[in-house]
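Engineer: Pasting model29.cif below, which is mmCIF, C-alpha atoms.
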```cif
data_protein
loop_
_atom_site.label_atom_id
_atom_site.label_comp_id
_atom_site.auth_asym_id
_atom_site.auth_seq_id
_atom_site.Cartn_x
_atom_site.Cartn_y
_atom_site.Cartn_z
CA MET K 1 -30.90 -1.13 -4.59
CA THR K 2 -29.50 -1.12 -8.10
CA PRO K 3 -28.02 -4.07 -9.99
CA SER K 4 -24.58 -2.52 -9.38
CA ASP K 5 -25.14 -1.73 -5.69
CA PRO K 6 -21.89 -2.91 -4.03
CA VAL K 7 -23.64 -3.64 -0.72
CA GLU K 8 -26.08 -5.97 -2.44
CA ILE K 9 -23.20 -7.55 -4.39
CA PHE K 10 -21.42 -8.04 -1.06
CA ARG K 11 -24.48 -9.80 0.38
CA GLN K 12 -24.52 -12.22 -2.55
CA GLU K 13 -20.77 -12.67 -2.36
CA SER K 14 -20.89 -13.30 1.39
CA GLY K 15 -23.41 -16.09 0.80
CA GLU K 16 -21.01 -17.78 -1.62
CA LEU K 17 -18.04 -17.30 0.71
CA LEU K 18 -19.99 -18.66 3.66
CA ASP K 19 -20.80 -21.75 1.59
CA THR K 20 -17.09 -22.09 0.76
CA LEU K 21 -16.27 -21.65 4.44
CA GLU K 22 -18.78 -24.26 5.55
CA LEU K 23 -17.70 -26.84 2.97
CA GLY K 24 -14.05 -26.21 3.80
CA LEU K 25 -14.64 -26.69 7.52
CA LEU K 26 -16.65 -29.88 6.94
CA ASP K 27 -13.89 -31.27 4.71
CA LEU K 28 -11.30 -30.30 7.30
CA ALA K 29 -13.15 -32.44 9.84
CA THR K 30 -12.13 -35.51 7.83
CA ARG K 31 -8.82 -34.18 6.45
CA PRO K 32 -7.42 -31.95 9.22
CA ASP K 33 -3.89 -31.93 7.75
CA ASP K 34 -4.93 -30.78 4.27
CA MET K 35 -3.26 -27.37 4.01
CA ASP K 36 -5.10 -26.52 0.80
CA LEU K 37 -8.32 -26.76 2.77
CA VAL K 38 -6.86 -24.66 5.57
CA ASP K 39 -5.76 -22.04 3.05
CA GLY K 40 -9.20 -22.04 1.43
CA VAL K 41 -10.92 -21.48 4.79
CA PHE K 42 -8.49 -18.72 5.67
CA ARG K 43 -8.96 -17.03 2.30
CA ALA K 44 -12.73 -17.07 2.68
CA LEU K 45 -12.42 -15.48 6.14
CA HIS K 46 -9.94 -12.92 4.84
CA THR K 47 -12.06 -11.89 1.87
CA LEU K 48 -15.22 -11.70 3.97
CA LYS K 49 -13.44 -9.54 6.52
CA GLY K 50 -12.02 -7.12 3.98
CA SER K 51 -15.19 -6.75 1.95
CA GLY K 52 -17.42 -6.56 5.02
CA ALA K 53 -15.38 -3.74 6.51
CA MET K 54 -15.47 -1.77 3.26
CA PHE K 55 -19.20 -2.00 2.87
CA GLY K 56 -20.10 -1.02 6.42
CA PHE K 57 -20.65 -4.46 8.00
CA THR K 58 -18.52 -3.45 10.94
CA ALA K 59 -19.75 -6.05 13.44
CA ALA K 60 -19.10 -8.81 10.91
CA ALA K 61 -15.65 -7.40 10.10
CA ALA K 62 -14.66 -7.16 13.77
CA PHE K 63 -15.82 -10.71 14.50
CA LEU K 64 -14.09 -11.99 11.36
CA HIS K 65 -10.88 -10.26 12.33
CA ASP K 66 -10.74 -12.20 15.60
CA PHE K 67 -11.83 -15.42 13.90
CA GLU K 68 -9.16 -15.00 11.23
CA THR K 69 -6.48 -14.20 13.82
CA ALA K 70 -7.31 -17.39 15.73
CA PHE K 71 -7.50 -19.49 12.57
CA ASP K 72 -4.17 -18.12 11.39
CA GLN K 73 -2.56 -20.30 14.05
CA VAL K 74 -3.92 -23.34 12.24
CA ARG K 75 -2.57 -22.00 8.97
CA LYS K 76 0.86 -21.50 10.55
CA GLY K 77 0.80 -25.04 11.95
CA GLU K 78 0.77 -23.75 15.51
CA ALA K 79 -2.60 -25.35 16.32
CA PRO K 80 -4.37 -28.44 14.91
CA ALA K 81 -7.71 -28.39 13.10
CA SER K 82 -9.20 -30.46 15.92
CA PRO K 83 -12.83 -31.69 15.95
CA GLN K 84 -13.48 -29.24 18.78
CA LEU K 85 -12.15 -26.36 16.68
CA ILE K 86 -14.22 -27.37 13.63
CA THR K 87 -17.37 -27.50 15.77
CA VAL K 88 -16.80 -24.02 17.14
CA ALA K 89 -15.74 -22.67 13.73
CA LEU K 90 -19.00 -23.90 12.21
CA ALA K 91 -20.92 -22.09 14.94
CA ALA K 92 -18.84 -19.01 14.17
CA ARG K 93 -19.68 -19.38 10.48
CA ASP K 94 -23.41 -19.34 11.32
CA HIS K 95 -22.87 -16.27 13.45
CA ILE K 96 -21.11 -14.53 10.55
CA ALA K 97 -24.09 -15.30 8.31
CA THR K 98 -26.28 -13.38 10.75
CA LEU K 99 -23.84 -10.48 10.95
CA CYS K 100 -23.64 -10.26 7.14
CA SER K 101 -27.40 -9.93 6.82
CA ASP K 102 -27.53 -6.34 8.04
CA PRO K 103 -24.78 -3.70 8.24
CA GLN K 104 -26.51 -2.11 11.27
CA ILE K 105 -26.61 -5.27 13.34
CA THR K 106 -24.86 -5.41 16.72
CA ASP K 107 -23.01 -8.49 17.88
CA PRO K 108 -24.60 -10.18 20.89
CA GLY K 109 -23.04 -13.55 21.56
CA GLY K 110 -19.99 -13.06 19.40
CA ALA K 111 -17.64 -12.77 22.36
CA ASP K 112 -18.71 -16.16 23.72
CA ILE K 113 -18.08 -17.86 20.37
CA LEU K 114 -14.68 -16.21 20.08
CA ALA K 115 -13.81 -17.33 23.61
CA ASP K 116 -14.77 -20.90 22.64
CA LEU K 117 -12.68 -20.54 19.50
CA ARG K 118 -9.64 -19.42 21.46
CA ARG K 119 -10.10 -22.28 23.92
CA ALA K 120 -10.31 -24.73 21.01
CA ILE K 121 -7.11 -23.27 19.54
CA GLY K 122 -5.45 -23.57 22.93
CA GLU K 123 -4.95 -19.88 23.39
CA ALA K 124 -5.04 -18.66 26.99
CA ALA K 125 -6.27 -15.17 26.31
CA PRO K 126 -6.49 -12.68 23.47
CA ALA K 127 -3.19 -11.05 22.76
CA ALA K 128 -2.96 -7.71 24.50
CA ALA K 129 0.66 -6.86 23.90
CA GLU K 130 0.07 -4.79 20.78
CA ALA K 131 -0.40 -1.61 22.77
CA ALA K 132 3.00 -2.07 24.36
CA ALA K 133 4.78 -1.05 21.17
CA GLY K 134 6.88 2.06 21.54
CA THR K 135 5.60 5.43 20.37
CA PRO K 136 7.71 6.95 17.61
CA PRO K 137 9.27 10.31 18.39
CA PRO K 138 7.22 13.28 17.22
CA LEU K 139 8.15 14.81 13.89
CA PRO K 140 9.04 18.50 13.72
CA GLU K 141 6.22 20.98 13.52
CA ALA K 142 5.78 23.22 10.50
CA PRO K 143 8.75 25.60 10.30
CA GLY K 144 8.46 29.30 9.63
CA ASP K 145 8.93 29.35 5.89
CA GLY K 146 8.82 25.79 4.63
CA TRP K 147 11.16 22.95 3.86
CA LEU K 148 14.27 22.24 1.86
CA ILE K 149 13.96 18.77 0.35
CA ARG K 150 16.70 16.88 -1.44
CA PHE K 151 15.87 13.52 -2.89
CA ARG K 152 17.11 10.83 -5.20
CA LEU K 153 14.92 7.93 -6.21
CA PRO K 154 16.09 4.32 -6.23
CA PRO K 155 17.66 3.54 -9.63
CA ASP K 156 14.81 1.11 -10.48
CA ALA K 157 12.06 3.54 -9.51
CA LEU K 158 11.07 4.34 -13.09
CA VAL K 159 10.80 0.68 -14.06
CA TYR K 160 8.56 0.04 -11.05
CA GLY K 161 6.19 2.81 -12.02
CA THR K 162 7.26 5.75 -9.87
CA ASN K 163 6.85 9.00 -11.75
CA PRO K 164 9.02 11.81 -10.30
CA ILE K 165 6.91 14.43 -12.05
CA LEU K 166 3.90 13.31 -10.00
CA LEU K 167 5.98 13.60 -6.82
CA LEU K 168 6.98 17.16 -7.75
CA GLU K 169 3.37 18.00 -8.60
CA GLU K 170 2.27 16.63 -5.25
CA MET K 171 4.76 18.90 -3.51
CA ALA K 172 3.53 21.81 -5.61
CA GLY K 173 0.11 21.07 -4.17
CA LEU K 174 1.48 21.79 -0.69
CA GLY K 175 2.73 25.29 -1.47
CA ARG K 176 5.04 27.22 -3.77
CA ILE K 177 8.03 25.24 -4.98
CA GLU K 178 11.36 26.04 -6.58
CA VAL K 179 12.92 22.98 -8.15
CA SER K 180 16.44 22.32 -9.34
CA ALA K 181 17.80 19.07 -10.68
CA LEU K 182 20.89 17.35 -9.30
CA LEU K 183 22.81 16.23 -12.36
CA ALA K 184 26.09 15.01 -10.89
CA ASP K 185 25.23 11.32 -11.32
CA VAL K 186 23.86 11.64 -14.86
CA PRO K 187 26.26 9.90 -17.27
CA PRO K 188 27.15 11.09 -20.80
CA LEU K 189 24.34 10.74 -23.34
CA GLU K 190 25.75 7.59 -24.92
CA ALA K 191 25.86 5.87 -21.52
CA ILE K 192 22.36 6.82 -20.39
CA ASP K 193 19.99 3.96 -19.61
CA PRO K 194 16.50 5.48 -20.01
CA ASP K 195 15.05 3.07 -17.43
CA THR K 196 17.50 4.03 -14.70
CA CYS K 197 16.88 7.15 -12.68
CA ARG K 198 20.13 9.04 -12.10
CA LEU K 199 18.61 12.44 -11.48
CA GLY K 200 18.10 13.95 -8.08
CA TRP K 201 16.14 17.03 -7.09
CA THR K 202 16.32 19.90 -4.65
CA VAL K 203 12.98 21.43 -3.82
CA ARG K 204 12.49 24.63 -1.85
CA LEU K 205 8.93 24.26 -0.66
CA HIS K 206 7.33 27.40 0.79
CA THR K 207 4.49 26.09 2.90
CA ASP K 208 3.02 25.93 6.38
CA GLN K 209 2.45 22.19 6.07
CA PRO K 210 4.07 19.94 8.70
CA ARG K 211 6.84 17.43 8.06
CA GLU K 212 4.26 14.61 7.85
CA ALA K 213 2.98 16.14 4.61
CA ILE K 214 6.43 15.70 3.06
CA ASP K 215 6.65 12.14 4.29
CA ASP K 216 3.25 11.45 2.73
CA VAL K 217 4.60 12.48 -0.66
CA PHE K 218 7.31 9.82 -0.38
CA MET K 219 5.25 7.31 1.55
CA PHE K 220 5.85 4.47 -0.92
CA LEU K 221 9.50 5.24 -1.56
CA HIS K 222 11.45 5.12 1.67
CA ASP K 223 13.23 1.89 0.80
CA GLY K 224 16.31 2.60 -1.24
CA MET K 225 15.83 6.32 -1.80
CA GLU K 226 17.84 9.26 -0.51
CA LEU K 227 15.72 11.87 1.23
CA ALA K 228 16.85 14.82 3.32
CA VAL K 229 14.32 17.28 4.68
CA GLU K 230 15.24 20.31 6.75
CA PRO K 231 13.50 23.53 7.68
CA LEU K 232 14.05 26.05 4.92
CA GLU K 233 15.11 28.91 7.21
CA ALA K 234 17.74 26.82 8.97
CA ALA K 235 19.04 25.47 5.66
CA GLU K 236 19.27 28.94 4.15
CA ALA K 237 20.97 30.34 7.27
CA ALA K 238 23.54 27.54 7.09
CA ALA K 239 24.07 28.19 3.39
CA ALA K 240 24.54 31.91 4.08
CA ARG K 241 27.09 31.12 6.80
CA ARG K 242 28.99 28.87 4.38
CA LEU K 243 28.90 31.65 1.80
CA ARG K 244 30.25 34.22 4.30
CA CYS K 245 33.00 31.83 5.37
CA GLY K 246 33.88 31.29 1.73
CA SER K 247 33.98 35.06 1.12
CA ARG K 248 36.22 35.66 4.14
CA PHE K 249 38.49 32.82 3.03
CA ARG K 250 38.69 34.20 -0.49
CA GLY K 251 39.29 37.69 0.95
CA ARG K 252 42.10 36.38 3.15
CA ARG K 253 43.65 34.61 0.16
CA ARG K 254 43.45 37.82 -1.84
CA SER K 255 45.12 39.77 1.03
CA ARG K 256 47.91 37.25 1.36
CA THR K 257 48.45 37.20 -2.39
CA ALA K 258 48.60 41.03 -2.42
CA ALA K 259 50.96 41.04 0.56
CA ARG K 260 53.34 38.68 -1.22
CA ARG K 261 53.48 40.92 -4.29
CA PRO K 262 56.43 43.27 -4.39
CA MET A 263 -7.83 10.65 -22.93
CA SER A 264 -8.83 8.79 -19.80
CA LYS A 265 -6.31 6.63 -18.00
CA THR A 266 -6.90 2.91 -17.80
CA ILE A 267 -6.61 0.93 -14.59
CA LEU A 268 -6.58 -2.86 -14.31
CA ALA A 269 -8.34 -4.03 -11.12
CA VAL A 270 -7.51 -7.61 -10.07
CA ASP A 271 -9.56 -9.01 -7.18
CA ASP A 272 -11.49 -12.21 -6.58
CA SER A 273 -14.14 -10.30 -4.63
CA PRO A 274 -16.93 -9.07 -6.94
CA SER A 275 -18.00 -6.45 -4.42
CA VAL A 276 -14.49 -4.99 -4.16
CA ARG A 277 -14.13 -4.98 -7.96
CA GLN A 278 -17.47 -3.22 -8.22
CA MET A 279 -16.56 -0.66 -5.61
CA VAL A 280 -13.20 0.00 -7.29
CA SER A 281 -14.83 0.31 -10.71
CA MET A 282 -17.54 2.69 -9.55
CA THR A 283 -15.07 4.87 -7.64
CA LEU A 284 -12.51 5.13 -10.41
CA ALA A 285 -14.99 5.39 -13.26
CA GLY A 286 -16.68 8.22 -11.37
CA ALA A 287 -13.36 10.07 -11.38
CA GLY A 288 -12.82 9.61 -15.10
CA TYR A 289 -10.69 6.48 -15.21
CA LYS A 290 -11.42 3.52 -17.42
CA VAL A 291 -11.38 0.28 -15.41
CA ILE A 292 -10.77 -3.23 -16.68
CA GLN A 293 -11.60 -5.98 -14.19
CA ALA A 294 -9.86 -9.32 -13.66
CA VAL A 295 -11.09 -12.03 -11.30
CA ASP A 296 -7.76 -13.50 -10.16
CA GLY A 297 -4.03 -13.46 -10.84
CA SER A 298 -4.21 -15.58 -13.98
CA ASP A 299 -6.95 -13.46 -15.49
CA GLY A 300 -5.04 -10.37 -14.37
CA TYR A 301 -1.83 -11.47 -16.06
CA ALA A 302 -3.61 -12.34 -19.30
CA LYS A 303 -5.21 -8.89 -19.41
CA ALA A 304 -2.12 -7.03 -18.21
CA ALA A 305 0.11 -8.70 -20.80
CA ALA A 306 -2.37 -8.05 -23.60
CA GLY A 307 -2.90 -4.34 -22.94
CA ARG A 308 -1.25 -1.20 -21.73
CA PHE A 309 -2.37 0.19 -18.37
CA ASP A 310 -1.63 3.37 -16.47
CA ALA A 311 -1.77 1.45 -13.18
CA VAL A 312 -2.60 -2.01 -11.92
CA LEU A 313 -4.48 -2.57 -8.67
CA THR A 314 -4.34 -6.09 -7.24
CA ASP A 315 -5.45 -8.00 -4.18
CA LEU A 316 -2.83 -10.34 -2.68
CA ASN A 317 -4.95 -13.11 -1.24
CA MET A 318 -6.58 -14.80 -4.23
CA PRO A 319 -7.16 -18.41 -5.27
CA GLY A 320 -5.04 -19.85 -8.06
CA MET A 321 -2.35 -17.35 -8.95
CA ASN A 322 -2.20 -15.06 -5.94
CA GLY A 323 -1.27 -11.40 -5.98
CA ILE A 324 2.44 -11.93 -5.25
CA GLU A 325 2.76 -14.46 -8.06
CA PHE A 326 0.86 -12.13 -10.36
CA ILE A 327 3.17 -9.19 -9.58
CA GLU A 328 6.29 -11.32 -10.05
CA LYS A 329 5.07 -12.68 -13.38
CA TYR A 330 3.86 -9.34 -14.68
CA ARG A 331 7.17 -7.66 -13.77
CA GLN A 332 8.90 -10.19 -16.03
CA HIS A 333 6.78 -8.89 -18.92
CA PRO A 334 8.35 -5.95 -20.79
CA GLY A 335 4.97 -4.21 -20.92
CA SER A 336 5.08 -3.70 -17.16
CA ARG A 337 7.98 -1.25 -17.35
CA GLY A 338 6.91 2.02 -15.86
CA VAL A 339 3.50 0.72 -14.83
CA PRO A 340 2.75 1.30 -11.14
CA ILE A 341 1.31 -1.69 -9.30
CA VAL A 342 -0.78 -1.00 -6.22
CA PHE A 343 -1.67 -3.90 -3.95
CA LEU A 344 -4.41 -4.26 -1.40
CA THR A 345 -3.26 -5.37 2.01
CA THR A 346 -4.31 -5.40 5.64
CA GLU A 347 -2.54 -4.06 8.71
CA SER A 348 -1.70 -7.60 9.77
CA ASP A 349 -0.03 -8.50 6.46
CA GLY A 350 3.42 -7.09 7.30
CA ALA A 351 5.43 -9.95 5.83
CA LEU A 352 3.17 -10.17 2.80
CA LYS A 353 3.63 -6.46 2.22
CA GLN A 354 7.40 -6.84 2.14
CA ARG A 355 7.09 -9.73 -0.32
CA ALA A 356 4.82 -7.69 -2.58
CA LYS A 357 7.28 -4.79 -2.56
CA ALA A 358 10.17 -7.15 -3.30
CA ALA A 359 8.15 -8.62 -6.18
CA GLY A 360 7.96 -5.19 -7.79
CA ALA A 361 4.90 -3.45 -6.37
CA THR A 362 4.93 0.32 -6.28
CA ALA A 363 2.39 1.20 -3.61
CA TRP A 364 -0.30 -0.25 -1.40
CA ILE A 365 -3.68 0.45 0.10
CA VAL A 366 -4.63 -0.86 3.51
CA LYS A 367 -8.01 -2.57 3.70
CA PRO A 368 -10.63 -1.63 4.60
CA PHE A 369 -10.37 1.53 2.56
CA LYS A 370 -12.87 4.16 1.56
CA PRO A 371 -13.44 5.30 -2.03
CA ASP A 372 -11.66 8.63 -1.51
CA GLN A 373 -8.59 6.84 -0.12
CA LEU A 374 -8.49 4.63 -3.20
CA LEU A 375 -8.78 7.65 -5.44
CA THR A 376 -5.99 9.48 -3.59
CA ILE A 377 -3.57 6.59 -4.08
CA ILE A 378 -4.46 6.00 -7.73
CA ARG A 379 -4.04 9.71 -8.48
CA LYS A 380 -0.73 9.64 -6.63
CA VAL A 381 0.74 6.84 -8.73
CA ALA A 382 -1.05 7.26 -12.05
CA GLY A 383 -1.92 10.94 -12.10
CA ALA A 384 -5.38 12.42 -12.49
#
```
Using the file provided, produce a representation of the structure as structure tokens.
Structural biologist:
Amino acid sequence: MTPSDPVEIFRQESGELLDTLELGLLDLATRPDDMDLVDGVFRALHTLKGSGAMFGFTAAAAFLHDFETAFDQVRKGEAPASPQLITVALAARDHIATLCSDPQITDPGGADILADLRRAIGEAAPAAAEAAAGTPPPLPEAPGDGWLIRFRLPPDALVYGTNPILLLEEMAGLGRIEVSALLADVPPLEAIDPDTCRLGWTVRLHTDQPREAIDDVFMFLHDGMELAVEPLEAAEAAAARRLRCGSRFRGRRRSRTAARRP
Amino acid sequence: MSKTILAVDDSPSVRQMVSMTLAGAGYKVIQAVDGSDGYAKAAAGRFDAVLTDLNMPGMNGIEFIEKYRQHPGSRGVPIVFLTTESDGALKQRAKAAGATAWIVKPFKPDQLLTIIRKVAGA
């Protein structure tokens, strides 16, 4: 152990949070409607859960997750902080203290306490509907040559700290890229607001990476941005078809013009 | 020159883990213990990114983000918040307040590093 060992810091921190939890629960026994107390108890549970999970106290984190989920009903006003609940929550607090003593510890007895907790909350059974959520459709596999990506950021993206150069660099990390800027929305120089992003980009990304890799690049930006991704081969074939159609059309125009000439 | 990250979290162990991870990758890390401390430090300096927890006593993470985004020094500064899978509504509020990105807790050091590099650069 070193003075800066996060696991040891977590142990010390968990002791303080468990004290906060205990005092909060004891105060709640006399002031069950005090929402500041409820929030304080919830915050202690939440912080313990998050820190415990990060530092390898998995049994503690799992138990705390269920405890927090149950106690959230009190926070939302869906269940009262009844004397029965406080009694069980104090027992749960003691159980957490044991679980926070050793990251390798297993959790005998935790299920019984959680069952008591749910009974005290008035919950019939743990929610099991989460798995019923629909499965999203699969994304396309990696195409033959890569992807054609066109994107425009939300106008406030620069103000909120999004750096388009980093996005382009991230795509460059996936393969070879050819980038061109879309300038149609850029106003004259005198009308440019340097904080507002009016540029767009087209990126030809030559890669064998799947579509998910592209989505990861834009994972924080889906709200309010324009993003079109299509397989590069298909996009280029469509562009070539458009070009051929354009050539035929121009050729037909030339023929008609020539035919009209005397 | 190394990039400077402001880490705002009421959990000493999380702050320590964040500091060790980012310092090991060449970032300079300034710590703040809650939203009020975070705002005081954010407003007084210039950071390449701000990392903040949401659930904190006193000024919480949402209030901190909202207040910091009112400060002209926040322009162009990415704000990353720490959240959990169950915090869907909170996540939307943080984004609406002006956050740039998020990390789902629990996270591992390399996940933290990936996100910070993504928003602040290496």
Engineer: Near stretch 357-370 of chain A, within 8 Å and counting all atoms listed in the file, which residues show up once chain neighbours fewer than 3 positions away are dropped, as a PyMOL selection string?
Structural biologist: (chain K and resi 50-51+53-54+160-162+220) or (chain A and resi 324+327-328+331+340-347+353-354+373-374+377+381)
Engineer: Pull out every residue that the PyMOL selection byres ((chain A and resi 294-306) around 9) matches in the shown coordinates and put them as an NGL selection string.
Structural biologist: :A and (268-274 or 277 or 292-293 or 307-309 or 312 or 314-316 or 318-327 or 329-330 or 333-336)
Engineer: With 9 Å as the limit and counting all atoms listed in the file, what residues in chain K lie close to chain A? Please list them as an NGL selection string.
Structural biologist: :K and (4-13 or 40 or 43 or 46-55 or 157-163 or 166-167 or 170 or 195 or 217 or 219-221)
Engineer: Could you check how far atom CA of K:Glu212 sits from atom CA of K:Leu174, in Å to one decimal?
Structural biologist: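 The value is 11.5 Å.
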Engineer: Please provide as an NGL selection string all residues within 10 Å of A:Met263, with the sequence filter that same-chain residues fewer than 4 positions apart are discarded (counting only C-alpha atoms).
Structural biologist: :A and (288-290)
Engineer: Take the residues that were just selected and, keeping C-alpha atoms, output them as an mmCIF file, in the coordinates of the input.
Structural biologist:
```cif
data_model
loop_
_atom_site.group_PDB
_atom_site.id
_atom_site.type_symbol
_atom_site.label_atom_id
_atom_site.label_comp_id
_atom_site.auth_asym_id
_atom_site.auth_seq_id
_atom_site.Cartn_x
_atom_site.Cartn_y
_atom_site.Cartn_z
ATOM 1 C CA GLY A 288 -12.820 9.610 -15.100
ATOM 2 C CA TYR A 289 -10.690 6.480 -15.210
ATOM 3 C CA LYS A 290 -11.420 3.520 -17.420
#
```
Engineer: Care to translate the PyMOL selection byres ((chain K and resi 93) around 10) into actual residues of this file, as an NGL selection string?
Structural biologist: :K and (18-19 or 21-22 or 25 or 45 or 64 or 67 or 87-92 or 94-99)
Engineer: Could you please take those selected residues and save C-alpha atoms as a PDB file, in the coordinates of the input?
Structural biologist:
```pdb
ATOM      1  CA  LEU K  18     -19.990 -18.660   3.660  1.00  0.00           C
ATOM      2  CA  ASP K  19     -20.800 -21.750   1.590  1.00  0.00           C
ATOM      3  CA  LEU K  21     -16.270 -21.650   4.440  1.00  0.00           C
ATOM      4  CA  GLU K  22     -18.780 -24.260   5.550  1.00  0.00           C
ATOM      5  CA  LEU K  25     -14.640 -26.690   7.520  1.00  0.00           C
ATOM      6  CA  LEU K  45     -12.420 -15.480   6.140  1.00  0.00           C
ATOM      7  CA  LEU K  64     -14.090 -11.990  11.360  1.00  0.00           C
ATOM      8  CA  PHE K  67     -11.830 -15.420  13.900  1.00  0.00           C
ATOM      9  CA  THR K  87     -17.370 -27.500  15.770  1.00  0.00           C
ATOM     10  CA  VAL K  88     -16.800 -24.020  17.140  1.00  0.00           C
ATOM     11  CA  ALA K  89     -15.740 -22.670  13.730  1.00  0.00           C
ATOM     12  CA  LEU K  90     -19.000 -23.900  12.210  1.00  0.00           C
ATOM     13  CA  ALA K  91     -20.920 -22.090  14.940  1.00  0.00           C
ATOM     14  CA  ALA K  92     -18.840 -19.010  14.170  1.00  0.00           C
ATOM     15  CA  ASP K  94     -23.410 -19.340  11.320  1.00  0.00           C
ATOM     16  CA  HIS K  95     -22.870 -16.270  13.450  1.00  0.00           C
ATOM     17  CA  ILE K  96     -21.110 -14.530  10.550  1.00  0.00           C
ATOM     18  CA  ALA K  97     -24.090 -15.300   8.310  1.00  0.00           C
ATOM     19  CA  THR K  98     -26.280 -13.380  10.750  1.00  0.00           C
ATOM     20  CA  LEU K  99     -23.840 -10.480  10.950  1.00  0.00           C
TER      21      LEU K  99
END
```
Engineer: Neighbours of A:Ala287 within 8 Å (all atoms listed in the file; same-chain residues fewer than 3 positions away dropped), as number ranges by chain?
Structural biologist: A: 283-284, 375
Engineer: Could you list, as a PyMOL selection string, every residue within 6 Å of K:Arg150, counting only C-alpha atoms and ignoring same-chain residues fewer than 2 positions away?
Structural biologist: chain K and resi 201-202+227-228
Engineer: Mind dumping the selected residues with C-alpha atoms as a PDB file, in the frame of the given file?
Structural biologist:
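This is the output file out-v7.pdb:
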```pdb
ATOM      1  CA  TRP K 201      16.140  17.030  -7.090  1.00  0.00           C
ATOM      2  CA  THR K 202      16.320  19.900  -4.650  1.00  0.00           C
ATOM      3  CA  LEU K 227      15.720  11.870   1.230  1.00  0.00           C
ATOM      4  CA  ALA K 228      16.850  14.820   3.320  1.00  0.00           C
TER       5      ALA K 228
END
```
Engineer: Tell me which protein, DNA and RNA residues are within 12 Å of K:Ala234, counting all atoms listed in the file, leaving out same-chain ones fewer than 4 positions away, and put them as a PyMOL selection string.
Structural biologist: chain K and resi 143-148+229-230+238-241
Engineer: Give me, please, the distance in Å between atom CA of K:Ile214 and atom CA of K:Ser180, quoted to one decimal.
Structural biologist: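 That distance, rounded to one decimal, is 17.3 Å.
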